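Undergrad: Can you read through this structure? Questions will come right after.
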Amino acid sequence: MSAITVFAGTGNNMVAEALRQAAPDVVAAYPITPQTTIVEGYAKFVADGRVHTELVNVESEHSALSACVGASAAGARVATATSSQGLALMWEELHIASGMRLPIVMANANRAISAPINIHGDHSDVMGARDSGWIIFFAETAQEAYDNTIISFPIAEDPAVSLPVLTTLDGFITTHAMERCELLDDATVKAYVGDRVPENPLIAGDKPVSHGMFASLGGTYFEVKKAERAAIDASPPVIQKYGDAWEKVCGRPFDFIDSFACEDADFILVMLGSAAGNARTVARELRAQGIKAGVLRVRVYRPFPADAVRAALKGAKAIGILDRSDSFGAQYGPLGLDVRAALYDLPQRIPTRNYVFGLGGADVTLETMHKAYAELAELASGTLDEGLSYLGTRG
Amino acid sequence: MSSKQFTWDVSDFDTWTAERFPKGCVAIEAGNSELYITGGWRSERPVWQKDKCKNCMFCWVHCPDSSILVADAEMIGIDYDHCKGCGICVAECPFDALHMVPEGDEVTDEIAAKEA
Ligand code: SF4
Ligand code: SF4
């Protein structure tokens, strides 16, 4: 029988608790705002003897993920956390971790990327890891950050997947704001996550193996990368399986997407992360006025749930895609590109507009969402063109 | 020149498709790089003259590809499957017992050995 503790906690509190309950053998991390309180909290758990983890204090994020790669190849359960410039400094190892098929779980406090220097929330850092072969979750709330972090371990470590997972939450808005949080008891989570059973560990096994091979000649690299693509493409049923199992344990629903009133909606806003709450509030207000508004939040960003997104959006008259980062020089922002590619497979053409919003923690208010919905009405009536614009700037 | 018994068959490695590779390109049997013949890119090969050799092991110490074959503390030959023809052994041999000859003509080797 599982027991639940209810308390007021931040997203970072909840991620630290989730990590403690999953009890990784090794955590190698480096502090960076707004992630710091995850590892600070975790270090306290280790110091207090509440979890038996080799906590490695390294000199940079490059070293943090390098140490994680080594420990994971050795056969350990491994976790870390980072943010922004830290994630950027890990770029090299991000690809090494996924290419070596190492099930590392990393929390990211989503934050702007310099320059100019900015410590606040947006998705510019994560989008730099978008194509690195990691499974990527975006949490809306502290509670969901906890849930996503817990399910990340069995997903990453399932032999059918064997990929690293990035479990993200929006800097400050989710990492530092206090919410009502539900924490399951340690024994229940321990039973749910199980133990890692590594397949070909460097030191945990009884036969010598070699990791980190040279594969430069005769197309070997090409074949191995094809296998990596096949692995992430085959991961959705496994993600769903562990999400469903966790839903049974905690009672909170799991899906790749979180669809609010999209079934009959004329105007739908699509987004990732914490901004969805404001969008839903405005959608409710508009519905009270007879305007059929909906909100689609993507919770599992990689692998991208194109089929589910398409199915949720297929009845809309106009779609607004909100990107909390930009893909400079591309036709649209990252989510804009993903969603428009998903919509391409529909027989009918639905007009879309792509909004870059909330960069560097710029306020995202109810007014922001009202403005976007108002533009969708113009888009549907043909008085506004498709394209990309910055939503909420001064001019 | 394999000195070990291997159980993982990599003989048709060049034809493996994506599914055949262990996850993450892990080599599930360590040490089998010995089976990977790397001597093919040599343009010159070292030729050893046993009668001049004093078994000083300078060549063995310096060879970057572990291609000097030794048994019972004596040099017994060169592993041409893995020797890359760098010539370091020739440069290091204090007794003139090693020479480089152009690759691709065995007769040249023999003549060179005789002439030296
Ligand atoms: S030529 Fe170079 S690789 Fe070949 S045996 Fe001599 S030192 Fe070794
Ligand atoms: S360096 Fe020359 S003399 Fe010494 S072992 Fe090698 S071949 Fe023989």
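Residues are referred to by chain and number: the chain letter is A, B, ... according to the order shown in the structure tokens, the number counts from 1 in that chain, and ligands are numbered separately from 1 in the order shown.
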Residues of chain A no more than 7 Å from chain B, counting only C-alpha atoms: send them over as number ranges by chain.
TA: A: 99-101, 200, 208-213, 223-224, 226-227
Undergrad: For Leu69 of chain B, please output as a ChimeraX atom specification all residues within 12 Å (counting only C-alpha atoms; exclusion window: fewer than 5 positions along the same chain).
TA: /B:1-3,48,55,57,59-61,63,74-83
Undergrad: Please produce a file of the residues just selected, as a PDB file, in the first residue's frame, where the atoms kept are N, CA, C and O atoms.
TA:
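Resulting contents of selection-v1.pdb:
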ATOM      1  N   MET B   1      47.721 -13.825 -37.186  1.00  0.00           N
ATOM      2  CA  MET B   1      48.697 -14.068 -36.111  1.00  0.00           C
ATOM      3  C   MET B   1      47.975 -14.141 -34.762  1.00  0.00           C
ATOM      4  O   MET B   1      48.491 -13.716 -33.754  1.00  0.00           O
ATOM      5  N   SER B   2      46.755 -14.637 -34.736  1.00  0.00           N
ATOM      6  CA  SER B   2      46.001 -14.617 -33.489  1.00  0.00           C
ATOM      7  C   SER B   2      46.583 -15.585 -32.468  1.00  0.00           C
ATOM      8  O   SER B   2      46.880 -16.729 -32.784  1.00  0.00           O
ATOM      9  N   SER B   3      46.747 -15.092 -31.252  1.00  0.00           N
ATOM     10  CA  SER B   3      47.288 -15.916 -30.182  1.00  0.00           C
ATOM     11  C   SER B   3      46.186 -16.350 -29.222  1.00  0.00           C
ATOM     12  O   SER B   3      46.420 -17.042 -28.269  1.00  0.00           O
ATOM     13  N   TRP B  48      63.828  -8.327 -41.503  1.00  0.00           N
ATOM     14  CA  TRP B  48      64.678  -8.665 -40.350  1.00  0.00           C
ATOM     15  C   TRP B  48      65.761  -9.660 -40.768  1.00  0.00           C
ATOM     16  O   TRP B  48      65.483 -10.633 -41.464  1.00  0.00           O
ATOM     17  N   ASN B  55      68.944  -9.582 -30.179  1.00  0.00           N
ATOM     18  CA  ASN B  55      67.822  -9.665 -29.238  1.00  0.00           C
ATOM     19  C   ASN B  55      67.866  -8.602 -28.138  1.00  0.00           C
ATOM     20  O   ASN B  55      67.550  -8.860 -26.974  1.00  0.00           O
ATOM     21  N   MET B  57      65.945  -6.076 -28.048  1.00  0.00           N
ATOM     22  CA  MET B  57      64.542  -5.714 -27.820  1.00  0.00           C
ATOM     23  C   MET B  57      64.234  -4.213 -27.995  1.00  0.00           C
ATOM     24  O   MET B  57      63.165  -3.753 -27.611  1.00  0.00           O
ATOM     25  N   CYS B  59      63.675  -2.762 -30.824  1.00  0.00           N
ATOM     26  CA  CYS B  59      62.570  -2.688 -31.792  1.00  0.00           C
ATOM     27  C   CYS B  59      61.243  -3.020 -31.111  1.00  0.00           C
ATOM     28  O   CYS B  59      60.221  -2.370 -31.347  1.00  0.00           O
ATOM     29  N   TRP B  60      61.274  -4.006 -30.249  1.00  0.00           N
ATOM     30  CA  TRP B  60      60.058  -4.454 -29.536  1.00  0.00           C
ATOM     31  C   TRP B  60      59.507  -3.329 -28.656  1.00  0.00           C
ATOM     32  O   TRP B  60      58.322  -3.084 -28.602  1.00  0.00           O
ATOM     33  N   VAL B  61      60.432  -2.650 -27.967  1.00  0.00           N
ATOM     34  CA  VAL B  61      60.031  -1.553 -27.089  1.00  0.00           C
ATOM     35  C   VAL B  61      59.417  -0.411 -27.895  1.00  0.00           C
ATOM     36  O   VAL B  61      58.415   0.178 -27.497  1.00  0.00           O
ATOM     37  N   CYS B  63      58.208  -0.339 -31.197  1.00  0.00           N
ATOM     38  CA  CYS B  63      57.153  -0.550 -32.202  1.00  0.00           C
ATOM     39  C   CYS B  63      55.799  -0.084 -31.666  1.00  0.00           C
ATOM     40  O   CYS B  63      55.310  -0.583 -30.663  1.00  0.00           O
ATOM     41  N   GLU B  74      63.315 -13.980 -27.138  1.00  0.00           N
ATOM     42  CA  GLU B  74      64.042 -13.797 -28.400  1.00  0.00           C
ATOM     43  C   GLU B  74      63.084 -13.307 -29.472  1.00  0.00           C
ATOM     44  O   GLU B  74      61.935 -13.751 -29.531  1.00  0.00           O
ATOM     45  N   MET B  75      63.600 -12.435 -30.332  1.00  0.00           N
ATOM     46  CA  MET B  75      62.780 -11.989 -31.448  1.00  0.00           C
ATOM     47  C   MET B  75      62.602 -13.153 -32.424  1.00  0.00           C
ATOM     48  O   MET B  75      63.579 -13.882 -32.699  1.00  0.00           O
ATOM     49  N   ILE B  76      61.367 -13.358 -32.906  1.00  0.00           N
ATOM     50  CA  ILE B  76      61.146 -14.465 -33.840  1.00  0.00           C
ATOM     51  C   ILE B  76      60.603 -13.993 -35.194  1.00  0.00           C
ATOM     52  O   ILE B  76      60.456 -14.774 -36.126  1.00  0.00           O
ATOM     53  N   GLY B  77      60.306 -12.685 -35.315  1.00  0.00           N
ATOM     54  CA  GLY B  77      59.828 -12.215 -36.614  1.00  0.00           C
ATOM     55  C   GLY B  77      58.982 -10.959 -36.480  1.00  0.00           C
ATOM     56  O   GLY B  77      58.963 -10.317 -35.428  1.00  0.00           O
ATOM     57  N   ILE B  78      58.301 -10.628 -37.566  1.00  0.00           N
ATOM     58  CA  ILE B  78      57.495  -9.407 -37.620  1.00  0.00           C
ATOM     59  C   ILE B  78      56.058  -9.786 -37.995  1.00  0.00           C
ATOM     60  O   ILE B  78      55.850 -10.603 -38.910  1.00  0.00           O
ATOM     61  N   ASP B  79      55.111  -9.201 -37.298  1.00  0.00           N
ATOM     62  CA  ASP B  79      53.694  -9.462 -37.580  1.00  0.00           C
ATOM     63  C   ASP B  79      53.247  -8.536 -38.713  1.00  0.00           C
ATOM     64  O   ASP B  79      52.828  -7.400 -38.473  1.00  0.00           O
ATOM     65  N   TYR B  80      53.321  -9.033 -39.936  1.00  0.00           N
ATOM     66  CA  TYR B  80      52.985  -8.189 -41.093  1.00  0.00           C
ATOM     67  C   TYR B  80      51.473  -7.947 -41.223  1.00  0.00           C
ATOM     68  O   TYR B  80      51.047  -7.108 -41.994  1.00  0.00           O
ATOM     69  N   ASP B  81      50.663  -8.685 -40.457  1.00  0.00           N
ATOM     70  CA  ASP B  81      49.222  -8.403 -40.459  1.00  0.00           C
ATOM     71  C   ASP B  81      48.923  -7.060 -39.806  1.00  0.00           C
ATOM     72  O   ASP B  81      47.896  -6.441 -40.073  1.00  0.00           O
ATOM     73  N   HIS B  82      49.827  -6.627 -38.902  1.00  0.00           N
ATOM     74  CA  HIS B  82      49.553  -5.392 -38.164  1.00  0.00           C
ATOM     75  C   HIS B  82      50.636  -4.328 -38.283  1.00  0.00           C
ATOM     76  O   HIS B  82      50.406  -3.175 -37.933  1.00  0.00           O
ATOM     77  N   CYS B  83      51.829  -4.705 -38.746  1.00  0.00           N
ATOM     78  CA  CYS B  83      52.909  -3.731 -38.950  1.00  0.00           C
ATOM     79  C   CYS B  83      52.449  -2.688 -39.961  1.00  0.00           C
ATOM     80  O   CYS B  83      51.955  -3.013 -41.031  1.00  0.00           O
TER      81      CYS B  83
END
Undergrad: Grab me every residue within 8 Å of ligand 2, counting only C-alpha atoms and all ligand atoms, and send it over as a list of chain:residue names.
TA: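 Answer in the requested format: B:Trp48, B:Gln49, B:Lys50, B:Lys52, B:Cys53, B:Lys54, B:Asn55, B:Cys56, B:Met57, B:Phe58, B:Cys59, B:Trp60, B:Ile68, B:Glu74, B:Met75, B:Cys89, B:Val90, B:Glu92, B:Cys93, B:Pro94, B:Phe95, B:Asp96, B:Ala97, B:Leu98.
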Undergrad: Please return as JSON, numbers by chain: the residues of segment 15-257 of chain A that backbone DSSP assigns to helix (DSSP H, G or I).
TA: {"A": [15, 16, 17, 18, 19, 20, 21, 22, 36, 37, 38, 39, 40, 41, 42, 43, 44, 45, 46, 47, 61, 62, 63, 64, 65, 66, 67, 68, 69, 70, 71, 72, 73, 74, 84, 85, 86, 87, 88, 89, 91, 92, 93, 94, 95, 96, 97, 98, 99, 124, 125, 126, 127, 142, 143, 144, 145, 146, 147, 148, 149, 150, 151, 152, 153, 154, 155, 156, 157, 186, 187, 188, 189, 190, 191, 192, 193, 220, 221, 222, 223, 224, 225, 226, 227, 228, 229, 230, 231, 232, 233, 236, 237, 238, 239, 240, 241, 242, 243, 244, 245, 246, 247, 248, 249, 250]}
Undergrad: I'd like the neighbourhood of Pro236 of chain A as a PyMOL selection string, where a residue qualifies if any of its atoms comes within 12 Å (using only C-alpha atoms), though same-chain residues fewer than 6 positions away should be ignored.
TA: chain A and resi 135-136+155-156+160-161+230+242-244+255-256+300-308
Undergrad: Please produce a file of the residues just selected, as an mmCIF file, in the first residue's frame, where the atoms kept are C-alpha atoms.
TA:
data_model
loop_
_atom_site.group_PDB
_atom_site.id
_atom_site.type_symbol
_atom_site.label_atom_id
_atom_site.label_comp_id
_atom_site.auth_asym_id
_atom_site.auth_seq_id
_atom_site.Cartn_x
_atom_site.Cartn_y
_atom_site.Cartn_z
ATOM 1 C CA ILE A 135 14.506 11.230 -25.035
ATOM 2 C CA ILE A 136 13.210 14.641 -23.890
ATOM 3 C CA ILE A 155 12.448 3.969 -19.733
ATOM 4 C CA ALA A 156 16.141 4.778 -20.189
ATOM 5 C CA ALA A 160 14.420 -2.105 -25.699
ATOM 6 C CA VAL A 161 15.425 1.569 -25.366
ATOM 7 C CA ALA A 230 15.684 2.758 -34.889
ATOM 8 C CA TYR A 242 6.114 2.901 -18.031
ATOM 9 C CA GLY A 243 3.946 6.023 -18.107
ATOM 10 C CA ASP A 244 0.823 3.867 -17.782
ATOM 11 C CA ASP A 255 0.290 10.773 -22.159
ATOM 12 C CA PHE A 256 2.771 12.115 -24.696
ATOM 13 C CA VAL A 300 7.225 14.048 -24.590
ATOM 14 C CA TYR A 301 9.112 16.180 -27.097
ATOM 15 C CA ARG A 302 11.557 13.555 -28.359
ATOM 16 C CA PRO A 303 10.553 11.164 -29.795
ATOM 17 C CA PHE A 304 8.092 13.687 -31.221
ATOM 18 C CA PRO A 305 4.507 12.344 -31.009
ATOM 19 C CA ALA A 306 3.560 13.496 -34.520
ATOM 20 C CA ASP A 307 0.562 11.167 -34.872
ATOM 21 C CA ALA A 308 -0.980 12.259 -31.573
#
Undergrad: Residues of chain B classed as strand (DSSP E or B) by DSSP on the backbone are to be reported as a compact mmCIF listing (two decimals) with N, CA and C atoms, in the first residue's frame.
TA:
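And here's out32.txt as it stands now:
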# COMPACT_ATOMS: atom_id res chain seq x y z
N ALA B 27 32.20 -3.59 -28.19
CA ALA B 27 32.89 -4.83 -28.58
C ALA B 27 32.69 -5.80 -27.44
N GLU B 44 55.96 0.44 -47.28
CA GLU B 44 57.28 -0.20 -47.14
C GLU B 44 57.19 -1.17 -45.98
N ARG B 45 58.01 -2.23 -46.01
CA ARG B 45 57.99 -3.15 -44.87
C ARG B 45 59.40 -3.33 -44.28
N PRO B 46 59.45 -3.54 -42.97
CA PRO B 46 60.75 -3.83 -42.36
C PRO B 46 61.14 -5.29 -42.63
N VAL B 47 62.38 -5.52 -42.98
CA VAL B 47 62.86 -6.89 -43.19
C VAL B 47 63.94 -7.17 -42.13
N TRP B 48 63.83 -8.33 -41.50
CA TRP B 48 64.68 -8.67 -40.35
C TRP B 48 65.76 -9.66 -40.77
N ILE B 68 56.42 -6.56 -33.32
CA ILE B 68 57.65 -7.36 -33.21
C ILE B 68 57.30 -8.61 -32.41
N LEU B 69 57.44 -9.76 -33.05
CA LEU B 69 57.03 -11.01 -32.41
C LEU B 69 58.20 -11.58 -31.60
N VAL B 70 57.88 -11.94 -30.37
CA VAL B 70 58.91 -12.41 -29.44
C VAL B 70 58.43 -13.70 -28.77
N ALA B 71 59.36 -14.64 -28.61
CA ALA B 71 59.05 -15.85 -27.84
C ALA B 71 60.29 -16.21 -27.03
N GLU B 74 63.32 -13.98 -27.14
CA GLU B 74 64.04 -13.80 -28.40
C GLU B 74 63.08 -13.31 -29.47
N MET B 75 63.60 -12.43 -30.33
CA MET B 75 62.78 -11.99 -31.45
C MET B 75 62.60 -13.15 -32.42
N ILE B 76 61.37 -13.36 -32.91
CA ILE B 76 61.15 -14.47 -33.84
C ILE B 76 60.60 -13.99 -35.19
N GLY B 77 60.31 -12.68 -35.32
CA GLY B 77 59.83 -12.21 -36.61
C GLY B 77 58.98 -10.96 -36.48
N ILE B 78 58.30 -10.63 -37.57
CA ILE B 78 57.49 -9.41 -37.62
C ILE B 78 56.06 -9.79 -38.00
N LEU B 98 67.65 -4.58 -39.19
CA LEU B 98 66.35 -4.32 -39.81
C LEU B 98 66.52 -3.30 -40.94
N HIS B 99 65.79 -3.52 -42.06
CA HIS B 99 65.84 -2.62 -43.21
C HIS B 99 64.45 -2.43 -43.76
N MET B 100 64.18 -1.26 -44.32
CA MET B 100 62.90 -1.03 -45.00
C MET B 100 63.07 -1.35 -46.48
N VAL B 101 62.09 -2.06 -47.04
CA VAL B 101 62.08 -2.31 -48.48
C VAL B 101 60.70 -1.94 -49.03
N PRO B 102 60.63 -1.52 -50.30
CA PRO B 102 59.32 -1.16 -50.86
C PRO B 102 58.36 -2.35 -50.82
